[in-house]
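Participant: Shown below is the structure under consideration.
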Amino acid sequence: MNQKVLLIEDDLDIARLLSIHLKDLELELDTASDGVDGLDKALANEYELVILDIMLPKMSGLDVCKGIREQKKSLPILMLSAKSEEFDKVLGLEIGADDYLTKPFS
């Protein structure tokens, strides 16, 4: 059985690109394009990893991260963001992300 990854990303191009690469790694991908749907999926399903954008419609990625951490303390979270300032990275990690990757990335 494939490992499941949840991608919470509102940029369709980035979501498609990540989808291609994750499927090449034989990972099963579930997606959400806004924070509310993403948090609901993260809490209702079992995932090996959540890849989480910070700037999302309906609920910020930071709030999604907090919500996940309240109930699933060990679920790995990788934050993706166009925000590349040191403060933003530290904030994301302090809220509970396991790592932080700035866009664009390769």
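Chain labels A, B, ... are given in the sequence in which chains occur in the structure tokens; within each chain residues are numbered consecutively from 1, and ligands are likewise numbered from 1 in the order shown.
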Determine which residues of chain A receive a DSSP assignment of strand (DSSP E), computed from the backbone, and state them as a PyMOL selection string.
Facilitator: chain A and resi 4-8+28-32+49-53+77-81+99-102
Participant: Can you pull out every residue within 10 Å of Asn45 (chain A), counting only C-alpha atoms, but drop anything in the same chain fewer than 2 positions away, and send it as a compact mmCIF listing (two decimals) with all heavy atoms, in the first residue's frame?
Facilitator:
# COMPACT_ATOMS: atom_id res chain seq x y z
N LYS A 4 0.53 7.82 2.04
CA LYS A 4 -0.31 8.95 1.64
C LYS A 4 0.30 10.27 2.11
O LYS A 4 0.75 10.39 3.24
CB LYS A 4 -1.71 8.81 2.23
CG LYS A 4 -2.54 7.74 1.56
CD LYS A 4 -3.91 7.63 2.18
CE LYS A 4 -4.75 8.83 1.80
NZ LYS A 4 -6.16 8.68 2.23
N LEU A 6 -0.60 14.52 2.09
CA LEU A 6 -1.61 15.56 1.89
C LEU A 6 -0.90 16.83 1.46
O LEU A 6 -0.01 17.32 2.15
CB LEU A 6 -2.40 15.82 3.17
CG LEU A 6 -3.40 16.98 3.12
CD1 LEU A 6 -4.47 16.75 2.05
CD2 LEU A 6 -4.05 17.18 4.49
N ASP A 30 -3.21 13.22 -1.79
CA ASP A 30 -4.51 13.81 -1.54
C ASP A 30 -4.28 15.32 -1.53
O ASP A 30 -3.24 15.78 -1.06
CB ASP A 30 -5.05 13.34 -0.19
CG ASP A 30 -6.56 13.50 -0.07
OD1 ASP A 30 -7.19 13.99 -1.03
OD2 ASP A 30 -7.10 13.14 0.99
N ASP A 40 -9.48 19.85 7.66
CA ASP A 40 -10.46 18.77 7.79
C ASP A 40 -9.87 17.44 7.32
O ASP A 40 -10.00 16.42 8.00
CB ASP A 40 -11.73 19.08 6.99
CG ASP A 40 -12.57 20.19 7.61
OD1 ASP A 40 -12.34 20.55 8.78
OD2 ASP A 40 -13.47 20.71 6.90
N LYS A 41 -9.21 17.45 6.16
CA LYS A 41 -8.62 16.22 5.63
C LYS A 41 -7.49 15.72 6.52
O LYS A 41 -7.37 14.53 6.77
CB LYS A 41 -8.11 16.44 4.21
CG LYS A 41 -9.22 16.52 3.19
CD LYS A 41 -8.68 16.67 1.78
CE LYS A 41 -9.84 16.67 0.79
NZ LYS A 41 -9.36 16.76 -0.60
N ALA A 42 -6.64 16.65 6.99
CA ALA A 42 -5.51 16.25 7.83
C ALA A 42 -5.98 15.57 9.11
O ALA A 42 -5.35 14.61 9.57
CB ALA A 42 -4.65 17.47 8.16
N LEU A 43 -7.07 16.05 9.68
CA LEU A 43 -7.56 15.49 10.93
C LEU A 43 -8.39 14.23 10.74
O LEU A 43 -8.44 13.38 11.63
CB LEU A 43 -8.36 16.54 11.70
CG LEU A 43 -7.57 17.78 12.13
CD1 LEU A 43 -8.48 18.76 12.87
CD2 LEU A 43 -6.35 17.43 12.95
N TYR A 47 -2.02 10.33 7.25
CA TYR A 47 -1.02 10.70 6.25
C TYR A 47 0.37 10.50 6.83
O TYR A 47 0.57 10.60 8.04
CB TYR A 47 -1.18 12.18 5.84
CG TYR A 47 -2.49 12.48 5.16
CD1 TYR A 47 -3.53 13.10 5.85
CD2 TYR A 47 -2.70 12.13 3.83
CE1 TYR A 47 -4.75 13.36 5.22
CE2 TYR A 47 -3.90 12.39 3.20
CZ TYR A 47 -4.93 13.01 3.90
OH TYR A 47 -6.12 13.26 3.29
Participant: Go through A:Lys58, A:Lys103, A:Lys89, A:Lys73 and flag the residue nearest Ile14 (chain A), using only C-alpha atoms for the distances.
Facilitator: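 Checking each candidate against Ile14 (chain A), we get A:Lys103 as the closest.
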Participant: Compile the contact shell of Leu62 (chain A) as a PyMOL selection string: residues with an atom at most 7 Å away, counting only C-alpha atoms, same-chain residues fewer than 4 positions apart removed.
Facilitator: chain A and resi 54+66+92
Participant: Looking at A:Ile8, A:Val50, A:Ile95, A:Leu25, which one is nearest to Glu70 (chain A), with distances taken over only C-alpha atoms?
Facilitator: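 Smallest distance to Glu70 (chain A) is found for A:Ile95.
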Participant: Pick the closest to Pro57 (chain A) from A:Ser81, A:Ser74, A:Gln3, A:Ser33: which is it, counting only C-alpha atoms?
Facilitator: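 Ranking A:Ser81, A:Ser74, A:Gln3, A:Ser33 by distance to Pro57 (chain A), first place goes to A:Ser33.
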Participant: Identify, on the basis of only C-alpha atoms, every residue whose closest approach to Val90 (chain A) does not exceed 12 Å; exclude the query and any residue fewer than 5 positions from it along the same chain; express the result as a list in words.
Facilitator: Leu62, Met79, Lys83, Ser84, Glu85, Ile95, Gly96, Ala97, Asp98, Asp99, Tyr100 and Leu101 of chain A
Participant: Okay, now the selection with C-alpha atoms, as an mmCIF file, in the first residue's frame?
Facilitator:
data_model
loop_
_atom_site.group_PDB
_atom_site.id
_atom_site.type_symbol
_atom_site.label_atom_id
_atom_site.label_comp_id
_atom_site.auth_asym_id
_atom_site.auth_seq_id
_atom_site.Cartn_x
_atom_site.Cartn_y
_atom_site.Cartn_z
ATOM 1 C CA LEU A 62 -0.178 28.835 10.093
ATOM 2 C CA MET A 79 5.671 24.330 5.027
ATOM 3 C CA LYS A 83 7.613 34.317 2.372
ATOM 4 C CA SER A 84 11.367 33.969 2.684
ATOM 5 C CA GLU A 85 12.168 36.305 5.572
ATOM 6 C CA ILE A 95 4.128 26.852 15.445
ATOM 7 C CA GLY A 96 4.969 23.243 14.728
ATOM 8 C CA ALA A 97 6.235 22.764 11.184
ATOM 9 C CA ASP A 98 9.063 20.267 10.890
ATOM 10 C CA ASP A 99 10.706 22.090 7.993
ATOM 11 C CA TYR A 100 10.202 25.185 5.849
ATOM 12 C CA LEU A 101 10.884 25.495 2.122
#
Participant: Determine which residues of region 17-97 of chain A receive a DSSP assignment of helix (DSSP H, G or I), computed from the backbone, and state them as a ChimeraX atom specification.
Facilitator: /A:17-24,35-44,61-71,86-95
Participant: Nearest residue to Leu78 (chain A) out of A:Val5, A:Asp37, A:Asp63, A:Leu17, using only C-alpha atoms?
Facilitator: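 Among the listed residues, the smallest separation from Leu78 (chain A) belongs to A:Val5.
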Participant: What is the CA of Asp34 (chain A) to CA of Leu80 (chain A) distance in Å?
Facilitator: 13.8 Å
Participant: Please determine, counting only C-alpha atoms, which residue among A:Ala32, A:Ala44, A:Arg16, A:Lys72 has the shortest atom-to-atom distance to Leu56 (chain A).
Facilitator: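 For Leu56 (chain A), the nearest of the given residues is A:Ala32.
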Participant: What separation in Å, quoted to one decimal, exists between CA of Leu39 (chain A) and CA of Ile68 (chain A)?
Facilitator: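 If I compute the distance from CA of Leu39 (chain A) to CA of Ile68 (chain A), I get 6.8 Å.
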Participant: CA of Glu26 (chain A) and CA of Met55 (chain A), how far apart in Å?
Facilitator: 27.5 Å
